[in-house]
Amino acid sequence: MMLSTIALIGPESTGKTALCRALSTHYDCPWLEEYARTYVEQLQCEYTYADVEQIARHQVQALAQAQATYAESHRFLFIDTDLIVTKVWFEHVYKRMPEWLPDAIRRQHIDFYLLCKPDLPWQFDPVRENPHLRDYLFDWYKREIEMCGIAYATIEGCGSMRTQNATQAIDSQFIKIKTS
């Protein structure tokens with residue numbers, strides 16, 4: 001069995017975490033939670049450039065560790081956001097990024113992206129900041145994925161339909177159906 005890593009990215013409040021959980025259950029495979037949320041929630045002040053860089057470094061380490069851990073035992077590893085989201089975060093907020101980040105994005109070994117469309121209602125959360133920029137960020141993430149040259153599917157729909165659309169995209173990308 002060869003592990004394929006599938007990253008779910010998209011603007012805030014597009015159901016990435018719920019979809020990761022659902023896909024993990026559907027395929028009986030692990031998923032890696034979004035670290036940025038955990039990190040920012042524990043801060044006692046506004047996050048800084050150094051905080052975002054710490055988040056990015058943790059993402060690199062956590063993904064490499066998860067890929068090594070599950071390489072022989074699972075078909076898929078789902079990750080809730082990846083370095084593309086962090087790169088856009090750096091560029092949007094600070095107009096710059098660490099020099100090492102583009103190379104880290106190339107080396108992270110993502111096999112497929114599920115780009116979550118902002119077609120779900122915005123849900124307030126103290127960590128979320130961009131309700132008015134979801135389409136803008138969606139387009140930016142799409143351009144970044146396309147620049148990486150990695151296959152992706154746009155996922156839309158509510159509830160179980162969103163999950164069904166994701167599983168269809170994954171099955172189409174990875175499951176070869178034998179014909180007689």
# chains A, B, ... in the order shown; residues from 1 in each chain; ligands from 1

$ residues_around --residues "A:Arg57" --least-positions-apart "5" --cutoff "12 Å" --atoms "only C-alpha atoms" --output "ChimeraX atom specification"
/A:35-36,50-52,62-64,82-83,86-87,98,100-101,104-105,108

$ residues_around --residues "A:Pro11" --least-positions-apart "2" --cutoff "8 Å" --atoms "only C-alpha atoms" --output "list in words"
Ile9, Ser13, Thr14, Cys116, Lys117, Pro118, Arg134, Asp135, Leu137 and Phe138 of chain A

$ closest_residue --among "A:Pro126, A:Trp140, A:Gln65, A:Ser73" --to "A:Val88" --atoms "only C-alpha atoms"
A:Trp140

$ select_by_dssp --residues "stretch 20-178 of chain A" --states "strand (DSSP E)" --output "ChimeraX atom specification"
/A:31-32,76-80,112-116,152-155

$ closest_residue --among "A:Thr81, A:Gln168, A:Gln54, A:Gln59" --to "A:Cys20" --atoms "only C-alpha atoms"
A:Thr81

$ closest_residue --among "A:Gln61, A:Lys142, A:Val93, A:Asp119" --to "A:Cys158" --atoms "only C-alpha atoms"
A:Asp119

$ atom_distance --atom1 "atom CA of A:Arg106" --atom2 "atom CA of A:Gln42"
29.5 Å

$ closest_residue --among "A:Asp111, A:Met161, A:Arg75, A:Leu133" --to "A:His92" --atoms "only C-alpha atoms"
A:Leu133

$ atom_distance --atom1 "atom CA of A:Val60" --atom2 "atom CA of A:Thr17"
18.8 Å
